[in-house]
$ cat data-v1.txt   # compact mmCIF, N, CA and C atoms and all ligand atoms
# COMPACT_ATOMS: atom_id res chain seq x y z
N MET L 1 17.89 18.39 2.12
CA MET L 1 16.90 18.68 1.06
C MET L 1 15.87 17.54 0.99
N ASP L 2 14.62 17.91 0.84
CA ASP L 2 13.57 16.91 0.68
C ASP L 2 13.64 16.32 -0.72
N GLY L 3 13.20 15.09 -0.86
CA GLY L 3 13.04 14.54 -2.19
C GLY L 3 14.32 14.13 -2.86
N VAL L 4 15.29 13.66 -2.07
CA VAL L 4 16.52 13.13 -2.68
C VAL L 4 16.38 11.61 -2.79
N ILE L 5 16.58 11.13 -4.02
CA ILE L 5 16.64 9.68 -4.27
C ILE L 5 18.10 9.35 -4.51
N VAL L 6 18.61 8.36 -3.79
CA VAL L 6 19.99 7.95 -4.00
C VAL L 6 20.01 6.62 -4.75
N GLY L 7 20.98 6.51 -5.66
CA GLY L 7 21.14 5.29 -6.43
C GLY L 7 22.56 4.77 -6.28
N ALA L 8 22.70 3.46 -6.34
CA ALA L 8 24.02 2.83 -6.18
C ALA L 8 24.55 2.38 -7.54
N ALA L 9 25.75 2.87 -7.87
CA ALA L 9 26.49 2.32 -9.01
C ALA L 9 27.38 1.23 -8.43
N LEU L 10 26.79 0.05 -8.31
CA LEU L 10 27.45 -1.08 -7.64
C LEU L 10 28.22 -1.88 -8.69
N VAL L 11 29.54 -1.85 -8.57
CA VAL L 11 30.39 -2.45 -9.60
C VAL L 11 31.15 -3.63 -9.02
N ARG L 12 31.17 -4.72 -9.78
CA ARG L 12 31.97 -5.89 -9.43
C ARG L 12 32.58 -6.45 -10.71
N GLU L 13 33.88 -6.64 -10.70
CA GLU L 13 34.59 -7.21 -11.85
C GLU L 13 34.21 -6.51 -13.16
N GLY L 14 34.14 -5.19 -13.11
CA GLY L 14 33.93 -4.40 -14.32
C GLY L 14 32.51 -4.36 -14.83
N LYS L 15 31.58 -4.87 -14.01
CA LYS L 15 30.16 -4.84 -14.42
C LYS L 15 29.33 -4.11 -13.39
N LEU L 16 28.25 -3.49 -13.86
CA LEU L 16 27.37 -2.67 -13.03
C LEU L 16 26.07 -3.44 -12.76
N LEU L 17 25.59 -3.37 -11.52
CA LEU L 17 24.36 -4.08 -11.19
C LEU L 17 23.14 -3.22 -11.53
N ALA L 18 22.25 -3.76 -12.33
CA ALA L 18 20.98 -3.10 -12.64
C ALA L 18 19.85 -3.99 -12.13
N GLN L 19 18.74 -3.35 -11.74
CA GLN L 19 17.59 -4.13 -11.28
C GLN L 19 16.35 -3.70 -12.05
N GLN L 20 15.47 -4.66 -12.27
CA GLN L 20 14.29 -4.43 -13.10
C GLN L 20 13.08 -4.18 -12.22
N ARG L 21 12.41 -3.06 -12.47
CA ARG L 21 11.26 -2.66 -11.63
C ARG L 21 10.05 -3.56 -11.91
N ALA L 22 9.35 -3.86 -10.84
CA ALA L 22 8.10 -4.60 -10.95
C ALA L 22 6.91 -3.64 -10.89
N TRP L 23 7.16 -2.38 -10.49
CA TRP L 23 6.09 -1.44 -10.18
C TRP L 23 6.61 -0.03 -10.33
N PRO L 24 5.81 0.99 -10.62
CA PRO L 24 4.41 0.95 -11.03
C PRO L 24 4.26 0.44 -12.47
N PRO L 25 3.02 0.19 -12.90
CA PRO L 25 2.82 -0.46 -14.20
C PRO L 25 3.54 0.24 -15.35
N HIS L 26 3.57 1.59 -15.36
CA HIS L 26 4.18 2.25 -16.52
C HIS L 26 5.72 2.18 -16.48
N HIS L 27 6.28 1.77 -15.35
CA HIS L 27 7.73 1.57 -15.31
C HIS L 27 8.11 0.10 -15.11
N ALA L 28 7.14 -0.77 -14.96
CA ALA L 28 7.43 -2.19 -14.78
C ALA L 28 8.18 -2.71 -16.00
N GLY L 29 9.25 -3.44 -15.76
CA GLY L 29 10.07 -3.97 -16.85
C GLY L 29 11.26 -3.10 -17.17
N GLN L 30 11.22 -1.84 -16.74
CA GLN L 30 12.38 -0.98 -16.97
C GLN L 30 13.42 -1.18 -15.88
N TRP L 31 14.63 -0.74 -16.16
CA TRP L 31 15.77 -1.02 -15.29
C TRP L 31 16.23 0.25 -14.58
N GLU L 32 16.77 0.08 -13.39
CA GLU L 32 17.24 1.20 -12.58
C GLU L 32 18.43 0.73 -11.74
N LEU L 33 19.00 1.67 -11.01
CA LEU L 33 20.03 1.34 -10.04
C LEU L 33 19.37 1.06 -8.71
N PRO L 34 19.95 0.20 -7.90
CA PRO L 34 19.42 -0.01 -6.55
C PRO L 34 19.40 1.33 -5.81
N GLY L 35 18.42 1.51 -4.95
CA GLY L 35 18.37 2.76 -4.18
C GLY L 35 16.96 3.14 -3.81
N GLY L 36 16.80 4.38 -3.39
CA GLY L 36 15.48 4.87 -3.00
C GLY L 36 15.60 6.18 -2.25
N ARG L 37 14.52 6.50 -1.55
CA ARG L 37 14.40 7.81 -0.91
C ARG L 37 15.26 7.92 0.34
N VAL L 38 15.87 9.09 0.51
CA VAL L 38 16.59 9.39 1.74
C VAL L 38 15.56 9.82 2.78
N GLU L 39 15.48 9.07 3.87
CA GLU L 39 14.49 9.37 4.91
C GLU L 39 15.03 10.45 5.85
N ALA L 40 14.12 11.10 6.57
CA ALA L 40 14.50 12.16 7.51
C ALA L 40 15.54 11.63 8.49
N GLY L 41 16.60 12.41 8.69
CA GLY L 41 17.62 12.04 9.66
C GLY L 41 18.72 11.16 9.12
N GLU L 42 18.57 10.69 7.88
CA GLU L 42 19.60 9.82 7.29
C GLU L 42 20.61 10.64 6.48
N THR L 43 21.87 10.22 6.48
CA THR L 43 22.79 10.72 5.46
C THR L 43 22.48 9.97 4.15
N GLU L 44 22.96 10.53 3.05
CA GLU L 44 22.72 9.86 1.77
C GLU L 44 23.42 8.50 1.72
N ALA L 45 24.63 8.44 2.29
CA ALA L 45 25.36 7.17 2.28
C ALA L 45 24.63 6.12 3.12
N PHE L 46 24.11 6.55 4.27
CA PHE L 46 23.39 5.60 5.12
C PHE L 46 22.15 5.08 4.39
N ALA L 47 21.41 6.02 3.77
CA ALA L 47 20.18 5.62 3.06
C ALA L 47 20.50 4.62 1.95
N LEU L 48 21.60 4.86 1.26
CA LEU L 48 21.96 3.97 0.16
C LEU L 48 22.32 2.57 0.67
N ALA L 49 23.09 2.54 1.75
CA ALA L 49 23.44 1.24 2.32
C ALA L 49 22.17 0.52 2.81
N ARG L 50 21.25 1.25 3.42
CA ARG L 50 19.99 0.64 3.89
C ARG L 50 19.18 0.10 2.71
N GLU L 51 19.07 0.88 1.65
CA GLU L 51 18.29 0.43 0.49
C GLU L 51 18.92 -0.82 -0.14
N CYS L 52 20.26 -0.86 -0.19
CA CYS L 52 20.92 -2.05 -0.77
C CYS L 52 20.66 -3.27 0.09
N GLN L 53 20.66 -3.05 1.41
CA GLN L 53 20.35 -4.17 2.31
C GLN L 53 18.91 -4.65 2.07
N GLU L 54 17.97 -3.70 1.97
CA GLU L 54 16.55 -4.06 1.81
C GLU L 54 16.27 -4.69 0.45
N GLU L 55 16.86 -4.10 -0.60
CA GLU L 55 16.49 -4.52 -1.96
C GLU L 55 17.31 -5.70 -2.45
N LEU L 56 18.56 -5.79 -1.98
CA LEU L 56 19.49 -6.77 -2.54
C LEU L 56 19.97 -7.79 -1.52
N ASP L 57 19.71 -7.50 -0.23
CA ASP L 57 20.16 -8.38 0.86
C ASP L 57 21.69 -8.51 0.89
N VAL L 58 22.35 -7.38 0.64
CA VAL L 58 23.81 -7.37 0.75
C VAL L 58 24.25 -6.11 1.50
N VAL L 59 25.48 -6.17 2.04
CA VAL L 59 26.08 -5.02 2.71
C VAL L 59 27.06 -4.36 1.74
N VAL L 60 26.94 -3.04 1.58
CA VAL L 60 27.83 -2.33 0.65
C VAL L 60 28.57 -1.21 1.38
N THR L 61 29.72 -0.83 0.81
CA THR L 61 30.38 0.41 1.19
C THR L 61 30.06 1.43 0.11
N VAL L 62 29.84 2.67 0.55
CA VAL L 62 29.44 3.73 -0.38
C VAL L 62 30.62 4.65 -0.62
N GLY L 63 30.91 4.91 -1.88
CA GLY L 63 32.05 5.74 -2.25
C GLY L 63 31.64 7.11 -2.76
N ALA L 64 32.31 7.55 -3.82
CA ALA L 64 32.16 8.92 -4.33
C ALA L 64 30.91 9.07 -5.19
N ARG L 65 30.47 10.31 -5.31
CA ARG L 65 29.36 10.63 -6.22
C ARG L 65 29.76 10.31 -7.65
N VAL L 66 28.77 9.91 -8.45
CA VAL L 66 28.98 9.58 -9.85
C VAL L 66 28.01 10.38 -10.70
N GLY L 67 28.53 11.15 -11.63
CA GLY L 67 27.68 11.84 -12.61
C GLY L 67 26.92 13.00 -12.04
N PRO L 68 26.05 13.58 -12.87
CA PRO L 68 25.28 14.77 -12.48
C PRO L 68 24.12 14.42 -11.56
N GLU L 69 23.63 15.42 -10.85
CA GLU L 69 22.34 15.27 -10.14
C GLU L 69 21.25 15.35 -11.21
N VAL L 70 20.36 14.37 -11.24
CA VAL L 70 19.35 14.32 -12.30
C VAL L 70 17.98 14.69 -11.73
N PRO L 71 17.32 15.71 -12.31
CA PRO L 71 15.97 16.06 -11.83
C PRO L 71 14.97 14.95 -12.15
N LEU L 72 14.07 14.69 -11.19
CA LEU L 72 13.02 13.68 -11.37
C LEU L 72 11.66 14.38 -11.30
N PRO L 73 10.63 13.74 -11.83
CA PRO L 73 9.28 14.30 -11.72
C PRO L 73 8.93 14.57 -10.25
N GLY L 74 8.14 15.62 -10.02
CA GLY L 74 7.70 15.93 -8.66
C GLY L 74 8.72 16.70 -7.86
N GLY L 75 9.74 17.27 -8.53
CA GLY L 75 10.73 18.09 -7.83
C GLY L 75 11.79 17.30 -7.10
N LYS L 76 11.80 15.97 -7.28
CA LYS L 76 12.83 15.17 -6.63
C LYS L 76 14.11 15.20 -7.49
N VAL L 77 15.20 14.75 -6.88
CA VAL L 77 16.46 14.63 -7.63
C VAL L 77 17.07 13.26 -7.36
N LEU L 78 17.81 12.78 -8.35
CA LEU L 78 18.51 11.50 -8.24
C LEU L 78 20.01 11.77 -8.13
N ARG L 79 20.62 11.25 -7.08
CA ARG L 79 22.08 11.35 -6.90
C ARG L 79 22.65 9.95 -6.79
N VAL L 80 23.65 9.68 -7.61
CA VAL L 80 24.23 8.33 -7.67
C VAL L 80 25.61 8.33 -7.02
N TYR L 81 25.89 7.26 -6.30
CA TYR L 81 27.17 7.05 -5.64
C TYR L 81 27.75 5.71 -6.07
N ALA L 82 29.08 5.67 -6.22
CA ALA L 82 29.75 4.39 -6.42
C ALA L 82 29.57 3.54 -5.17
N ALA L 83 29.45 2.24 -5.36
CA ALA L 83 29.30 1.33 -4.21
C ALA L 83 29.97 0.01 -4.54
N GLU L 84 30.40 -0.66 -3.47
CA GLU L 84 31.02 -1.99 -3.63
C GLU L 84 30.47 -2.93 -2.58
N LEU L 85 30.42 -4.20 -2.92
CA LEU L 85 30.03 -5.22 -1.94
C LEU L 85 31.12 -5.33 -0.89
N ILE L 86 30.75 -5.36 0.38
CA ILE L 86 31.75 -5.55 1.43
C ILE L 86 32.40 -6.92 1.28
N SER L 87 31.58 -7.91 0.97
CA SER L 87 32.09 -9.25 0.72
C SER L 87 31.88 -9.56 -0.76
N PRO L 88 32.94 -9.55 -1.58
CA PRO L 88 32.78 -9.71 -3.03
C PRO L 88 32.10 -11.02 -3.40
N GLY L 89 32.14 -12.00 -2.50
CA GLY L 89 31.52 -13.29 -2.80
C GLY L 89 30.02 -13.31 -2.53
N ALA L 90 29.50 -12.29 -1.86
CA ALA L 90 28.07 -12.26 -1.55
C ALA L 90 27.29 -12.02 -2.84
N GLU L 91 26.23 -12.78 -3.04
CA GLU L 91 25.47 -12.62 -4.28
C GLU L 91 24.18 -11.85 -4.01
N PRO L 92 24.04 -10.64 -4.58
CA PRO L 92 22.79 -9.90 -4.39
C PRO L 92 21.60 -10.70 -4.91
N ARG L 93 20.46 -10.56 -4.25
CA ARG L 93 19.25 -11.22 -4.78
C ARG L 93 18.14 -10.18 -4.88
N ALA L 94 17.22 -10.39 -5.82
CA ALA L 94 16.14 -9.43 -6.08
C ALA L 94 15.04 -9.64 -5.05
N VAL L 95 15.09 -8.85 -3.97
CA VAL L 95 14.09 -9.00 -2.91
C VAL L 95 12.75 -8.40 -3.34
N GLU L 96 12.82 -7.20 -3.96
CA GLU L 96 11.59 -6.47 -4.31
C GLU L 96 11.41 -6.32 -5.83
N HIS L 97 12.43 -6.69 -6.58
CA HIS L 97 12.41 -6.42 -8.01
C HIS L 97 12.22 -7.70 -8.81
N THR L 98 11.96 -7.54 -10.12
CA THR L 98 11.69 -8.69 -10.98
C THR L 98 12.96 -9.47 -11.28
N ALA L 99 14.06 -8.74 -11.48
CA ALA L 99 15.32 -9.40 -11.88
C ALA L 99 16.49 -8.49 -11.59
N LEU L 100 17.66 -9.10 -11.50
CA LEU L 100 18.93 -8.38 -11.39
C LEU L 100 19.79 -8.78 -12.58
N ARG L 101 20.72 -7.88 -12.92
CA ARG L 101 21.60 -8.18 -14.06
C ARG L 101 22.91 -7.43 -13.88
N TRP L 102 24.03 -8.11 -14.06
CA TRP L 102 25.34 -7.46 -14.09
C TRP L 102 25.60 -7.04 -15.53
N VAL L 103 25.80 -5.73 -15.73
CA VAL L 103 25.85 -5.17 -17.07
C VAL L 103 27.27 -4.70 -17.39
N GLY L 104 27.81 -5.21 -18.49
CA GLY L 104 29.14 -4.78 -18.93
C GLY L 104 29.04 -3.50 -19.75
N PRO L 105 30.19 -2.86 -20.01
CA PRO L 105 30.18 -1.58 -20.72
C PRO L 105 29.55 -1.67 -22.10
N ASP L 106 29.71 -2.81 -22.77
CA ASP L 106 29.16 -2.96 -24.12
C ASP L 106 27.64 -3.12 -24.13
N GLU L 107 27.04 -3.40 -22.97
CA GLU L 107 25.58 -3.61 -22.90
C GLU L 107 24.85 -2.40 -22.30
N LEU L 108 25.63 -1.46 -21.75
CA LEU L 108 25.05 -0.38 -20.94
C LEU L 108 24.01 0.44 -21.69
N ASP L 109 24.29 0.73 -22.97
CA ASP L 109 23.40 1.61 -23.74
C ASP L 109 22.16 0.88 -24.24
N ASP L 110 22.16 -0.44 -24.21
CA ASP L 110 21.06 -1.20 -24.81
C ASP L 110 19.95 -1.52 -23.82
N ILE L 111 20.19 -1.24 -22.53
CA ILE L 111 19.20 -1.56 -21.49
C ILE L 111 18.06 -0.55 -21.53
N ASP L 112 16.87 -1.00 -21.24
CA ASP L 112 15.70 -0.11 -21.17
C ASP L 112 15.65 0.55 -19.78
N TRP L 113 16.51 1.55 -19.60
CA TRP L 113 16.62 2.24 -18.31
C TRP L 113 15.41 3.15 -18.07
N LEU L 114 15.14 3.44 -16.80
CA LEU L 114 14.23 4.55 -16.49
C LEU L 114 14.80 5.80 -17.16
N PRO L 115 13.92 6.73 -17.59
CA PRO L 115 14.40 7.87 -18.38
C PRO L 115 15.53 8.64 -17.70
N ALA L 116 15.42 8.91 -16.41
CA ALA L 116 16.43 9.72 -15.72
C ALA L 116 17.80 9.07 -15.77
N ASP L 117 17.82 7.76 -15.74
CA ASP L 117 19.10 7.05 -15.67
C ASP L 117 19.90 7.20 -16.96
N ARG L 118 19.24 7.49 -18.05
CA ARG L 118 19.97 7.65 -19.31
C ARG L 118 20.94 8.83 -19.23
N ASP L 119 20.57 9.86 -18.42
CA ASP L 119 21.47 11.02 -18.25
C ASP L 119 22.77 10.62 -17.56
N LEU L 120 22.75 9.47 -16.89
CA LEU L 120 23.93 9.04 -16.14
C LEU L 120 24.83 8.12 -16.95
N LEU L 121 24.40 7.75 -18.15
CA LEU L 121 25.16 6.74 -18.91
C LEU L 121 26.60 7.15 -19.20
N PRO L 122 26.87 8.41 -19.58
CA PRO L 122 28.29 8.77 -19.80
C PRO L 122 29.12 8.55 -18.54
N ALA L 123 28.59 8.95 -17.40
CA ALA L 123 29.34 8.79 -16.14
C ALA L 123 29.48 7.30 -15.78
N LEU L 124 28.46 6.52 -16.06
CA LEU L 124 28.53 5.08 -15.75
C LEU L 124 29.54 4.39 -16.67
N HIS L 125 29.59 4.82 -17.93
CA HIS L 125 30.64 4.30 -18.83
C HIS L 125 32.01 4.63 -18.26
N GLY L 126 32.17 5.87 -17.77
CA GLY L 126 33.45 6.28 -17.19
C GLY L 126 33.84 5.42 -16.00
N LEU L 127 32.85 5.08 -15.20
CA LEU L 127 33.10 4.28 -14.01
C LEU L 127 33.58 2.87 -14.38
N LEU L 128 33.03 2.33 -15.46
CA LEU L 128 33.37 0.96 -15.87
C LEU L 128 34.64 0.89 -16.71
N ALA L 129 35.09 2.06 -17.17
CA ALA L 129 36.26 2.07 -18.09
C ALA L 129 37.54 1.69 -17.36
N1 LIG V 201 16.05 3.54 -6.86
C1 LIG V 201 16.05 4.23 -7.99
N2 LIG V 201 15.03 5.08 -8.25
C2 LIG V 201 15.07 5.73 -9.42
C3 LIG V 201 16.13 5.57 -10.34
N3 LIG V 201 15.86 6.35 -11.42
C4 LIG V 201 14.70 6.99 -11.21
O1 LIG V 201 14.13 7.76 -11.95
N4 LIG V 201 14.21 6.61 -9.97
C5 LIG V 201 12.96 7.11 -9.41
C6 LIG V 201 11.86 6.08 -9.42
C7 LIG V 201 11.02 6.50 -8.25
O2 LIG V 201 10.18 7.57 -8.65
C8 LIG V 201 12.03 7.06 -7.28
C9 LIG V 201 12.48 6.05 -6.25
O3 LIG V 201 11.40 5.40 -5.77
P1 LIG V 201 11.51 4.06 -4.94
O4 LIG V 201 10.18 3.44 -4.96
O5 LIG V 201 12.70 3.26 -5.39
O6 LIG V 201 11.86 4.69 -3.51
P2 LIG V 201 11.66 4.04 -2.12
O7 LIG V 201 12.21 2.64 -2.16
O8 LIG V 201 12.24 4.96 -1.11
O9 LIG V 201 10.10 3.92 -1.98
P3 LIG V 201 9.02 4.97 -1.45
O10 LIG V 201 9.08 4.83 0.02
O11 LIG V 201 9.42 6.33 -1.96
O12 LIG V 201 7.77 4.44 -2.07
O13 LIG V 201 13.15 7.47 -8.06
C10 LIG V 201 17.18 4.68 -10.05
O14 LIG V 201 18.14 4.47 -10.81
N5 LIG V 201 17.11 4.03 -8.85
$ encode --input "data-v1.txt" --output "structure tokens"
Amino acid sequence: MDGVIVGAALVREGKLLAQQRAWPPHHAGQWELPGGRVEAGETEAFALARECQEELDVVVTVGARVGPEVPLPGGKVLRVYAAELISPGAEPRAVEHTALRWVGPDELDDIDWLPADRDLLPALHGLLA
């Protein structure tokens, strides 16, 4: 399917990694999951691992789907997968984004997420529980 955006629910020690967008201006400052567009010929898992490498400079393993498929503007959809760092000691860094943050369950609802990501909050709470 065209227009699939994959997102990583990357969890370490009970916390979820969120990244803060620098662009475009109307979404700058808001938070999202690492990820991006699935390119032609890629599996969703491959695309997610590639995006984590590009955006966070870390290698991840991709696990099961998390939560519902969320419709995005322009007919795209967001699909989220659980992910883990291959090396738990590796520290992700914000290559393209303004900031990174490890978010605990008590902070999850207070973050200024991109609108679509709010639909995933129940599932993300479940993942961290
Ligand atoms: N990565 C990511 N994108 C999200 C999330 N929630 C959400 O609405 N989006 C939207 C924002 C963008 O419209 C789109 C992903 O765009 P992107 O700029 O990250 O994708 P990309 O790296 O492949 O870049 P591009 O080649 O499409 O420009 O999905 C999320 O949690 N993670």
$ residues_near_ligand --input "data-v1.txt" --ligand "ligand LIG 201 (chain V)" --cutoff "6.5 Å" --atoms "all atoms listed in the file" --output "list of chain:residue names"
L:Ile5, L:Val6, L:Gly7, L:Ala8, L:Trp31, L:Glu32, L:Leu33, L:Pro34, L:Gly35, L:Gly36, L:Arg37, L:Val38, L:Leu72, L:Leu114, L:Pro115, L:Ala116, L:Asp117
$ atom_distance --input "data-v1.txt" --atom1 "atom C of Gln30 of chain L" --atom2 "atom CA of Arg101 of chain L"
10.9 Å
$ closest_residue --input "data-v1.txt" --among "L:Glu84, L:Glu69, L:Asp106, L:Asp57" --to "Val11 of chain L" --atoms "only N, CA and C atoms"
L:Glu84
$ atom_distance --input "data-v1.txt" --atom1 "atom CA of Arg65 of chain L" --atom2 "atom CA of Arg21 of chain L"
23.1 Å
$ closest_residue --input "data-v1.txt" --among "L:Pro73, L:Pro92, L:Tyr81, L:His26" --to "Val58 of chain L" --atoms "only N, CA and C atoms"
L:Pro92
$ axis_aligned_box --input "data-v1.txt" --around "segment 78-92 of chain L" --padding-each-side "4 Å" --output "JSON"
{"center_x": 25.4, "center_y": -0.3, "center_z": -3.5, "size_x": 23.1, "size_y": 34.1, "size_z": 17.8}
$ decode --input "data-v1.txt" --residues "segment 13-65 of chain L" --atoms "C-alpha atoms" --output "PDB file, in the first residue's frame"
ATOM      1  CA  GLU L  13      13.392   0.234  31.152  1.00  0.00           C
ATOM      2  CA  GLY L  14       9.670   0.980  31.062  1.00  0.00           C
ATOM      3  CA  LYS L  15       9.965   4.257  29.171  1.00  0.00           C
ATOM      4  CA  LEU L  16       9.027   5.173  25.604  1.00  0.00           C
ATOM      5  CA  LEU L  17      11.256   7.251  23.332  1.00  0.00           C
ATOM      6  CA  ALA L  18       9.614  10.364  21.879  1.00  0.00           C
ATOM      7  CA  GLN L  19      11.253  12.848  19.524  1.00  0.00           C
ATOM      8  CA  GLN L  20      10.429  16.502  18.984  1.00  0.00           C
ATOM      9  CA  ARG L  21       9.858  17.696  15.420  1.00  0.00           C
ATOM     10  CA  ALA L  22      11.831  20.622  14.079  1.00  0.00           C
ATOM     11  CA  TRP L  23       9.723  20.842  10.896  1.00  0.00           C
ATOM     12  CA  PRO L  24       7.296  21.812   9.345  1.00  0.00           C
ATOM     13  CA  PRO L  25       6.582  25.063  11.212  1.00  0.00           C
ATOM     14  CA  HIS L  26       3.019  24.120  12.226  1.00  0.00           C
ATOM     15  CA  HIS L  27       4.281  20.876  13.795  1.00  0.00           C
ATOM     16  CA  ALA L  28       7.638  22.137  15.078  1.00  0.00           C
ATOM     17  CA  GLY L  29       7.864  21.548  18.820  1.00  0.00           C
ATOM     18  CA  GLN L  30       5.363  18.704  18.788  1.00  0.00           C
ATOM     19  CA  TRP L  31       6.376  15.158  19.643  1.00  0.00           C
ATOM     20  CA  GLU L  32       6.168  11.945  17.630  1.00  0.00           C
ATOM     21  CA  LEU L  33       7.536   8.431  17.481  1.00  0.00           C
ATOM     22  CA  PRO L  34      10.675   7.763  15.460  1.00  0.00           C
ATOM     23  CA  GLY L  35       9.829   6.583  11.960  1.00  0.00           C
ATOM     24  CA  GLY L  36       8.816   7.692   8.503  1.00  0.00           C
ATOM     25  CA  ARG L  37       7.653   6.611   5.090  1.00  0.00           C
ATOM     26  CA  VAL L  38       7.926   3.050   3.826  1.00  0.00           C
ATOM     27  CA  GLU L  39       9.803   3.304   0.529  1.00  0.00           C
ATOM     28  CA  ALA L  40       9.065   1.146  -2.521  1.00  0.00           C
ATOM     29  CA  GLY L  41      10.416  -2.370  -2.108  1.00  0.00           C
ATOM     30  CA  GLU L  42      10.826  -2.142   1.671  1.00  0.00           C
ATOM     31  CA  THR L  43       9.022  -4.193   4.287  1.00  0.00           C
ATOM     32  CA  GLU L  44       7.558  -2.134   7.104  1.00  0.00           C
ATOM     33  CA  ALA L  45      10.036  -3.630   9.573  1.00  0.00           C
ATOM     34  CA  PHE L  46      12.974  -2.809   7.312  1.00  0.00           C
ATOM     35  CA  ALA L  47      11.747   0.769   6.828  1.00  0.00           C
ATOM     36  CA  LEU L  48      11.387   1.223  10.564  1.00  0.00           C
ATOM     37  CA  ALA L  49      14.863  -0.082  11.292  1.00  0.00           C
ATOM     38  CA  ARG L  50      16.267   2.211   8.556  1.00  0.00           C
ATOM     39  CA  GLU L  51      14.450   5.257   9.939  1.00  0.00           C
ATOM     40  CA  CYS L  52      15.716   4.529  13.471  1.00  0.00           C
ATOM     41  CA  GLN L  53      19.245   4.270  12.123  1.00  0.00           C
ATOM     42  CA  GLU L  54      18.867   7.570  10.218  1.00  0.00           C
ATOM     43  CA  GLU L  55      17.027   9.533  12.900  1.00  0.00           C
ATOM     44  CA  LEU L  56      18.507   8.109  16.096  1.00  0.00           C
ATOM     45  CA  ASP L  57      21.801   6.515  14.998  1.00  0.00           C
ATOM     46  CA  VAL L  58      20.914   3.235  16.680  1.00  0.00           C
ATOM     47  CA  VAL L  59      20.158  -0.323  15.551  1.00  0.00           C
ATOM     48  CA  VAL L  60      16.769  -1.701  16.633  1.00  0.00           C
ATOM     49  CA  THR L  61      14.863  -4.957  16.423  1.00  0.00           C
ATOM     50  CA  VAL L  62      11.261  -4.572  15.330  1.00  0.00           C
ATOM     51  CA  GLY L  63       8.530  -6.515  17.103  1.00  0.00           C
ATOM     52  CA  ALA L  64       4.739  -6.707  17.025  1.00  0.00           C
ATOM     53  CA  ARG L  65       2.238  -4.101  15.844  1.00  0.00           C
TER      54      ARG L  65
END
